Amino acid sequence: MIEKKDEEQLNQDLQIRLADYLFQVEVGQRLPSIRKLAEITQMSIGSVSRALNDMEANEHYKAV
């Protein structure tokens with residue numbers, strides 16, 4: 001079983017990977033589905049969904 005601290009680190013690492021990918025999306029281009037992001041990152045749909053929700057709530061990821 002994954003410890004809470006390890007789970008949080010994995011979530012933060014996934015957030016960074018998702019942010020890196022999403023910053024490459026061109027203006028006007030459709031954002032990929034959660035299913036596609038899960039495939040790209042090789043993570044579960046639930047993990048990607050949680051990471052995106054956490055990113056949305058985190059001030060560090062707010063648009064400037």
# chains A, B, ... in the order shown; residues from 1 in each chain; ligands from 1
call {"tool": "residues_around", "arguments": {"residues": "segment 48-54 of chain A", "least_positions_apart": "5", "cutoff": "7 Å", "atoms": "only C-alpha atoms", "output": "JSON, numbers by chain"}}
result
{"A": [11, 14, 15, 34, 38, 43]}
call {"tool": "select_by_dssp", "arguments": {"residues": "chain A", "states": "helix (DSSP H, G or I)", "output": "compact mmCIF listing (two decimals) with C-alpha atoms, in the first residue's frame"}}
result
# COMPACT_ATOMS: atom_id res chain seq x y z
CA LYS A 4 0.06 9.15 2.23
CA LYS A 5 3.31 11.10 1.73
CA ASP A 6 4.24 8.98 -1.30
CA GLU A 7 0.74 9.40 -2.73
CA GLU A 8 0.99 13.18 -2.37
CA GLN A 9 4.39 13.17 -4.09
CA LEU A 10 3.01 11.08 -6.96
CA ASN A 11 0.10 13.52 -7.28
CA GLN A 12 2.49 16.49 -7.37
CA ASP A 13 4.68 14.78 -9.97
CA LEU A 14 1.60 14.06 -12.08
CA GLN A 15 0.47 17.69 -11.76
CA ILE A 16 3.85 18.84 -13.09
CA ARG A 17 3.67 16.39 -16.01
CA LEU A 18 0.12 17.49 -16.83
CA ALA A 19 1.02 21.19 -16.60
CA ASP A 20 4.01 20.65 -18.90
CA TYR A 21 1.78 18.91 -21.42
CA LEU A 22 -1.10 21.40 -21.18
CA PHE A 23 1.21 24.42 -21.62
CA ILE A 34 -9.11 12.94 -19.12
CA ARG A 35 -8.99 9.51 -20.73
CA LYS A 36 -6.43 10.75 -23.28
CA LEU A 37 -4.36 12.48 -20.56
CA ALA A 38 -4.38 9.24 -18.57
CA GLU A 39 -3.11 7.40 -21.64
CA ILE A 40 -0.41 10.02 -22.29
CA THR A 41 0.81 10.02 -18.68
CA ILE A 45 -8.23 8.15 -15.04
CA GLY A 46 -8.92 8.69 -11.32
CA SER A 47 -5.36 9.86 -10.67
CA VAL A 48 -5.48 12.29 -13.58
CA SER A 49 -8.89 13.59 -12.52
CA ARG A 50 -7.68 14.15 -8.95
CA ALA A 51 -4.50 15.87 -10.13
CA LEU A 52 -6.46 18.20 -12.43
CA ASN A 53 -8.91 19.04 -9.63
CA ASP A 54 -6.02 19.75 -7.27
CA MET A 55 -4.36 21.92 -9.92
CA GLU A 56 -7.57 23.89 -10.41
CA ALA A 57 -7.75 24.56 -6.67
CA GLU A 59 -3.07 29.10 -6.79
CA HIS A 60 0.26 28.14 -8.42
CA TYR A 61 -1.59 26.92 -11.51
